[in-house]
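Reproduced below: input.cif, with mmCIF, C-alpha atoms and all ligand atoms.
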data_entry
#
loop_
_atom_site.label_atom_id
_atom_site.label_comp_id
_atom_site.auth_asym_id
_atom_site.auth_seq_id
_atom_site.Cartn_x
_atom_site.Cartn_y
_atom_site.Cartn_z
CA MET A 382 -5.25 14.56 -25.78
CA THR A 383 -3.79 14.97 -22.31
CA LYS A 384 -2.62 11.78 -20.76
CA ASN A 385 -2.90 11.20 -17.03
CA ILE A 386 0.27 10.53 -15.08
CA ILE A 387 0.73 7.52 -12.83
CA ILE A 388 3.38 7.37 -10.13
CA ALA A 389 3.84 3.85 -8.76
CA ILE A 390 5.57 3.41 -5.40
CA ASP A 391 6.36 -0.12 -4.29
CA GLY A 392 8.47 -1.50 -1.51
CA TYR A 393 8.79 -3.39 1.74
CA SER A 394 6.52 -3.08 4.78
CA SER A 395 6.76 0.10 6.81
CA CYS A 396 9.44 1.79 4.76
CA GLY A 397 7.65 5.09 4.42
CA LYS A 398 5.83 4.59 1.13
CA SER A 399 2.63 6.22 2.29
CA THR A 400 4.46 9.14 3.93
CA LEU A 401 6.22 9.89 0.67
CA ALA A 402 3.15 9.25 -1.47
CA LYS A 403 0.98 11.59 0.60
CA SER A 404 3.45 14.46 0.57
CA LEU A 405 4.10 14.00 -3.13
CA ALA A 406 0.36 13.94 -3.86
CA LYS A 407 -0.12 17.14 -1.89
CA LYS A 408 2.73 18.87 -3.66
CA LEU A 409 1.67 17.79 -7.16
CA ASN A 410 -2.07 17.87 -6.54
CA PHE A 411 -2.44 14.21 -7.52
CA ILE A 412 -4.90 11.69 -6.10
CA TYR A 413 -3.26 9.36 -3.57
CA VAL A 414 -4.36 5.73 -3.40
CA ASP A 415 -3.12 3.51 -0.56
CA SER A 416 -3.52 0.04 -2.06
CA GLY A 417 -2.36 -1.56 1.20
CA ALA A 418 -5.38 -0.05 2.94
CA MET A 419 -7.57 -1.97 0.50
CA TYR A 420 -5.94 -5.32 1.37
CA ARG A 421 -6.16 -4.39 5.04
CA ALA A 422 -9.87 -3.57 4.79
CA VAL A 423 -10.56 -6.87 3.03
CA THR A 424 -8.63 -8.60 5.81
CA LEU A 425 -10.72 -6.87 8.45
CA TYR A 426 -13.89 -8.07 6.73
CA PHE A 427 -12.54 -11.63 6.53
CA LEU A 428 -11.58 -11.60 10.22
CA ARG A 429 -14.87 -10.15 11.40
CA ASN A 430 -16.87 -12.65 9.36
CA ASN A 431 -14.64 -15.67 10.01
CA ILE A 432 -14.14 -16.35 6.31
CA ASP A 433 -12.42 -19.67 5.73
CA ILE A 434 -9.50 -18.79 3.46
CA THR A 435 -9.13 -22.38 2.33
CA ASN A 436 -12.64 -22.28 0.87
CA HIS A 437 -12.68 -20.78 -2.64
CA ASP A 438 -16.46 -20.30 -2.77
CA ALA A 439 -16.51 -18.58 0.62
CA ILE A 440 -13.79 -16.16 -0.57
CA VAL A 441 -15.62 -15.33 -3.77
CA ALA A 442 -18.91 -14.82 -1.91
CA ALA A 443 -17.22 -12.60 0.69
CA LEU A 444 -15.61 -10.42 -1.99
CA GLU A 445 -19.04 -9.80 -3.47
CA HIS A 446 -20.14 -8.33 -0.16
CA ILE A 447 -17.21 -5.94 0.16
CA ASP A 448 -17.54 -2.39 -1.02
CA LEU A 449 -14.45 -0.18 -0.60
CA ASN A 450 -14.29 3.56 -0.95
CA PHE A 451 -11.70 6.21 -0.22
CA HIS A 452 -12.44 9.50 1.43
CA SER A 453 -9.78 11.76 0.04
CA ARG A 454 -9.50 14.14 3.00
CA ASP A 455 -6.17 15.99 3.14
CA TYR A 456 -4.56 13.14 1.24
CA GLN A 457 -4.90 10.88 4.25
CA SER A 458 -5.99 7.37 3.46
CA HIS A 459 -9.44 7.27 4.95
CA ILE A 460 -11.04 4.09 3.78
CA LEU A 461 -14.63 3.01 4.08
CA LEU A 462 -15.55 -0.66 4.30
CA ASN A 463 -19.20 -1.00 3.35
CA GLY A 464 -19.69 2.62 4.40
CA GLU A 465 -17.89 2.27 7.74
CA GLU A 466 -14.74 4.28 8.43
CA VAL A 467 -12.11 1.66 9.32
CA SER A 468 -8.87 3.61 8.78
CA GLU A 469 -7.71 3.21 12.38
CA GLU A 470 -8.76 -0.39 12.89
CA ILE A 471 -6.99 -1.67 9.79
CA ARG A 472 -3.63 -0.44 11.18
CA GLN A 473 -3.93 -2.51 14.36
CA MET A 474 -2.01 -5.72 14.95
CA PRO A 475 -4.78 -8.30 14.32
CA VAL A 476 -5.07 -7.04 10.74
CA SER A 477 -1.28 -6.67 10.32
CA GLU A 478 -0.88 -10.29 11.41
CA SER A 479 -3.26 -11.68 8.78
CA VAL A 480 -3.09 -9.25 5.87
CA SER A 481 -0.21 -10.85 3.97
CA ASP A 482 -1.93 -14.25 3.97
CA ILE A 483 -5.12 -12.75 2.64
CA ALA A 484 -3.28 -10.54 0.12
CA ALA A 485 -1.70 -13.70 -1.31
CA ILE A 486 -5.08 -15.09 -2.38
CA LYS A 487 -5.55 -14.95 -6.15
CA GLU A 488 -9.23 -13.96 -6.08
CA VAL A 489 -8.55 -11.16 -3.61
CA ARG A 490 -5.75 -9.75 -5.76
CA LYS A 491 -7.81 -9.97 -8.92
CA ALA A 492 -10.64 -7.96 -7.35
CA MET A 493 -8.31 -5.31 -5.89
CA VAL A 494 -6.19 -4.87 -9.02
CA LYS A 495 -9.32 -4.36 -11.12
CA GLN A 496 -10.52 -1.60 -8.80
CA GLN A 497 -7.06 0.01 -8.66
CA GLN A 498 -6.70 0.09 -12.44
CA LYS A 499 -10.08 1.80 -12.69
CA MET A 500 -8.89 4.53 -10.32
CA GLY A 501 -5.90 5.30 -12.55
CA ARG A 502 -7.88 5.48 -15.76
CA SER A 503 -8.78 9.14 -15.83
CA LYS A 504 -6.81 10.93 -13.12
CA ASN A 505 -3.24 11.74 -12.14
CA VAL A 506 -2.61 9.16 -9.45
CA ILE A 507 0.07 8.17 -6.97
CA MET A 508 -0.47 4.64 -5.76
CA ASP A 509 1.67 2.77 -3.27
CA GLY A 510 1.84 -0.95 -2.60
CA ARG A 511 3.74 -4.07 -3.57
CA ASP A 512 2.77 -4.74 -7.19
CA ILE A 513 1.85 -1.32 -8.53
CA GLY A 514 4.77 -0.90 -10.93
CA THR A 515 4.79 -4.56 -11.95
CA THR A 516 1.13 -5.63 -12.19
CA VAL A 517 -1.33 -2.80 -11.61
CA PHE A 518 0.35 -0.13 -13.75
CA PRO A 519 3.24 -1.71 -15.67
CA ASN A 520 3.18 1.38 -17.93
CA ALA A 521 3.37 3.95 -15.14
CA GLN A 522 5.54 6.90 -16.16
CA VAL A 523 7.32 6.95 -12.80
CA LYS A 524 8.20 3.94 -10.66
CA LEU A 525 9.91 4.06 -7.30
CA PHE A 526 11.02 1.05 -5.29
CA MET A 527 11.47 1.92 -1.64
CA THR A 528 13.52 0.15 0.94
CA ALA A 529 15.12 0.85 4.34
CA ASP A 530 16.95 -1.03 7.05
CA PRO A 531 14.43 -3.39 8.77
CA LYS A 532 15.40 -2.17 12.26
CA ILE A 533 14.76 1.43 11.29
CA ARG A 534 11.44 0.43 9.73
CA ALA A 535 10.37 -1.33 12.94
CA GLU A 536 11.36 1.70 15.03
CA ARG A 537 9.36 4.03 12.81
CA ARG A 538 6.26 1.82 13.01
CA PHE A 539 6.75 1.47 16.76
CA LYS A 540 6.70 5.26 17.18
CA GLU A 541 3.70 5.57 14.87
CA LEU A 542 1.65 3.04 16.88
CA ALA A 543 2.85 4.43 20.23
CA ALA A 544 1.73 7.92 19.18
CA LYS A 545 -1.75 6.46 18.69
CA GLY A 546 -1.62 4.96 22.18
CA GLU A 547 -1.13 1.38 21.02
CA GLN A 548 0.93 -0.83 23.27
CA VAL A 549 2.88 -3.06 20.89
CA GLY A 550 6.47 -4.14 21.58
CA LEU A 551 9.29 -3.26 19.20
CA GLU A 552 10.22 -6.92 18.88
CA GLU A 553 6.68 -7.91 17.89
CA ILE A 554 6.62 -5.20 15.24
CA PHE A 555 10.02 -6.24 13.91
CA GLU A 556 8.85 -9.87 13.63
CA ASN A 557 5.65 -8.82 11.87
CA ILE A 558 7.51 -6.69 9.33
CA ALA A 559 10.03 -9.46 8.63
CA HIS A 560 7.26 -12.03 8.28
CA ARG A 561 5.22 -9.86 5.90
CA ASP A 562 8.32 -9.12 3.80
CA TYR A 563 8.88 -12.87 3.54
CA LEU A 564 5.28 -13.64 2.55
CA ASP A 565 5.06 -10.68 0.16
CA THR A 566 8.25 -11.56 -1.71
CA THR A 567 7.68 -15.31 -1.94
CA ARG A 568 3.98 -15.58 -2.81
CA THR A 569 2.95 -16.93 -6.21
CA GLU A 570 0.54 -14.14 -7.16
CA SER A 571 2.38 -10.94 -8.15
CA PRO A 572 5.06 -11.07 -5.46
CA LEU A 573 6.80 -7.94 -4.29
CA THR A 574 9.65 -7.35 -6.68
CA ARG A 575 11.30 -4.31 -8.19
CA ALA A 576 10.11 -3.49 -11.69
CA GLU A 577 13.12 -3.35 -14.00
CA ASP A 578 12.51 0.32 -14.70
CA ALA A 579 11.91 1.34 -11.07
CA VAL A 580 14.29 3.72 -9.34
CA ILE A 581 15.48 2.48 -5.93
CA LEU A 582 15.00 4.81 -2.99
CA ASP A 583 16.69 3.63 0.21
CA ASN A 584 15.56 6.07 2.87
CA THR A 585 17.38 4.54 5.87
CA GLU A 586 19.31 7.73 6.33
CA LEU A 587 17.01 10.22 4.65
CA SER A 588 14.63 12.65 6.30
CA GLU A 589 11.08 13.01 4.99
CA ALA A 590 12.07 16.26 3.28
CA GLN A 591 15.09 14.62 1.64
CA GLN A 592 13.09 11.69 0.28
CA LEU A 593 10.49 14.10 -1.08
CA ASP A 594 13.22 16.09 -2.88
CA PHE A 595 14.60 12.85 -4.31
CA ALA A 596 11.18 11.88 -5.66
CA ILE A 597 10.40 15.35 -7.05
CA GLU A 598 13.60 15.24 -9.05
CA ILE A 599 12.55 11.96 -10.65
CA VAL A 600 8.98 13.03 -11.31
CA SER A 601 9.71 16.54 -12.63
CA PRO A 602 10.63 15.58 -16.20
CA PHE A 603 7.22 13.92 -16.61
CA LEU A 604 5.18 16.92 -15.50
CA ASN A 605 3.95 19.49 -18.02
CA ARG A 606 4.82 17.22 -20.88
CA ASN A 607 1.32 16.88 -22.23
O1 LIG B 1 1.93 0.10 5.80
P1 LIG B 1 2.70 -1.15 5.50
O2 LIG B 1 3.88 -0.89 4.63
O3 LIG B 1 3.06 -1.90 6.72
O4 LIG B 1 1.74 -2.12 4.71
P2 LIG B 1 0.56 -1.79 3.72
O5 LIG B 1 1.04 -1.00 2.56
O6 LIG B 1 -0.56 -1.22 4.52
O7 LIG B 1 0.17 -3.24 3.16
C1 LIG B 1 -0.27 -4.25 4.03
C2 LIG B 1 -0.09 -5.60 3.35
O8 LIG B 1 -0.97 -5.67 2.21
C3 LIG B 1 1.29 -5.91 2.82
O9 LIG B 1 2.16 -6.49 3.77
C4 LIG B 1 0.98 -6.87 1.67
O10 LIG B 1 0.86 -8.19 2.15
C5 LIG B 1 -0.37 -6.41 1.17
N1 LIG B 1 -0.32 -5.60 -0.06
C6 LIG B 1 -0.21 -6.26 -1.26
O11 LIG B 1 -0.11 -7.47 -1.31
N2 LIG B 1 -0.24 -5.55 -2.43
C7 LIG B 1 -0.34 -4.22 -2.43
N3 LIG B 1 -0.39 -3.58 -3.58
C8 LIG B 1 -0.42 -3.53 -1.20
C9 LIG B 1 -0.39 -4.25 -0.02
#
Rewrite the structure from the file as structure tokens, please.
Ligand code: CDP
Amino acid sequence: MTKNIIIAIDGYSSCGKSTLAKSLAKKLNFIYVDSGAMYRAVTLYFLRNNIDITNHDAIVAALEHIDLNFHSRDYQSHILLNGEEVSEEIRQMPVSESVSDIAAIKEVRKAMVKQQQKMGRSKNVIMDGRDIGTTVFPNAQVKLFMTADPKIRAERRFKELAAKGEQVGLEEIFENIAHRDYLDTTRTESPLTRAEDAVILDNTELSEAQQLDFAIEIVSPFLNRN
């Protein structure tokens, strides 16, 4: 029986996980799943519907009304929230400012992890996030833990948002990244941490092509093994 391959990529905010995951998925012809987009879409729903995140019943009821789907177009993470394309809106600052609080909620994580595990059941998948190698797929064949200098990360995100015409200051982005790193690493529910068997990839001084080469080298031994 052929076994599907899972590549788990975890790491800090804005350190290029999705850039690497997308190019790797394209190269290997794997399905790419952006788990952060799922938490962002849930956050957008909570913000739009003024869900009280201190109210357990309201959270559970809201989650029942959320249907998430990915449109796998060119390995971009196009996500649909109840049928609506929200890929652009979930990257904007209001969502970035609230997502780590909402992603810390136990019920939210439970619902997302269940859906993520289902996606990896029958296909070769690359998934990026914070808890993929530790909680979602602890048995993933390949685990990468990505990091980069926080200033470089902020500059990259600044350029990304500016290219989309969004006027957000570098300082504000830096603060947001630092704050999310803090919340993500200190929360009770599956905090961001490196799985013991994850390979560290610090891409502060690497180009996109160099980080892809690094990852291919790690993944290669696991391909064609079936
Ligand atoms: O793109 P960026 O690295 O800034 O973040 P993201 O991957 O879109 O994730 C947004 C937020 O969702 C993170 O800051 C985490 O709080 C949360 N998240 C999580 O808790 N677990 C995951 N597997 C993925 C994201």
Nearest to Thr435 (chain A) among A:Gln497, A:Glu598, A:Ser571, A:Glu488, with distances taken over all atoms listed in the file: which residue is it?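 Checking each candidate against Thr435 (chain A), we get A:Glu488 as the closest.
Restricting the atom set to only C-alpha atoms and all ligand atoms, one finds that the residues within 6 Å of ligand LIG 1 (chain B) amount to Ser394, Ser395, Ser416, Gly417, Ala418, Tyr420, Arg421, Val480, Ser481, Ala484, Gly510, Arg511, Asp512, Ile513, Arg561 and Asp565 of chain A.
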Might you pull out every residue within 7 Å of Ala485 (chain A), with all atoms listed in the file counted and same-chain residues fewer than 3 positions away left off, and present them as a list in words?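 Neighbouring residues, sequence-local ones excluded: Ser481, Asp482, Arg568 and Glu570 of chain A.
CA of His459 (chain A) lies 19.8 Å from CA of Ala543 (chain A).
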Smallest atom-to-atom distance to Asn505 (chain A): which of A:Thr585, A:Ser404, A:Gln457, A:Gln522, using all atoms listed in the file?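 Looking at the shortest contact to Asn505 (chain A), the residue is A:Gln522.
Proximity of A:Val494, A:Ala389, A:Leu428, A:Ile558 to Asp578 (chain A), computed with only C-alpha atoms, is greatest for A:Ala389.
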Pick from A:Phe518, A:Tyr393, A:Tyr563, A:Phe427: nearest to Val441 (chain A), with only C-alpha atoms counted? A:Phe427
Find the smallest box with edges along x, y and z containing every listed atom of region 500-504 of chain A, then add 3 Å on each side and report centre and edge lengths in Å to one decimal, as JSON.
{"center_x": -7.4, "center_y": 7.7, "center_z": -13.1, "size_x": 9.0, "size_y": 12.4, "size_z": 11.5}
Go through A:Met500, A:Ile507, A:Ala535, A:Ala529 and flag the residue nearest Ile581 (chain A), using only C-alpha atoms for the distances.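 Selected residue with least distance to Ile581 (chain A): A:Ala529.
Among A:Thr424, A:Gln498, A:Thr567, A:Ser503, the residue with the shortest atom-to-atom distance to Met474 (chain A), counting all atoms listed in the file, is A:Thr424.
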Interatomic distance, CA of Asp433 (chain A) to CA of Lys487 (chain A) (Å, one decimal):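 That distance, rounded to one decimal, is 14.5 Å.
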Neighbours of Asn450 (chain A) within 7 Å (only C-alpha atoms; same-chain residues fewer than 3 positions away dropped), as a PDB file with C-alpha atoms, keeping the file's coordinate frame?
ATOM      1  CA  ILE A 460     -11.040   4.090   3.780  1.00  0.00           C
ATOM      2  CA  LEU A 461     -14.630   3.010   4.080  1.00  0.00           C
ATOM      3  CA  LEU A 462     -15.550  -0.660   4.300  1.00  0.00           C
TER       4      LEU A 462
END
Between CA of His437 (chain A) and CA of Ser458 (chain A), what is the spacing in Å?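 Taking CA of Ser458 (chain A) as the start and CA of His437 (chain A) as the end point, the length is 29.6 Å.
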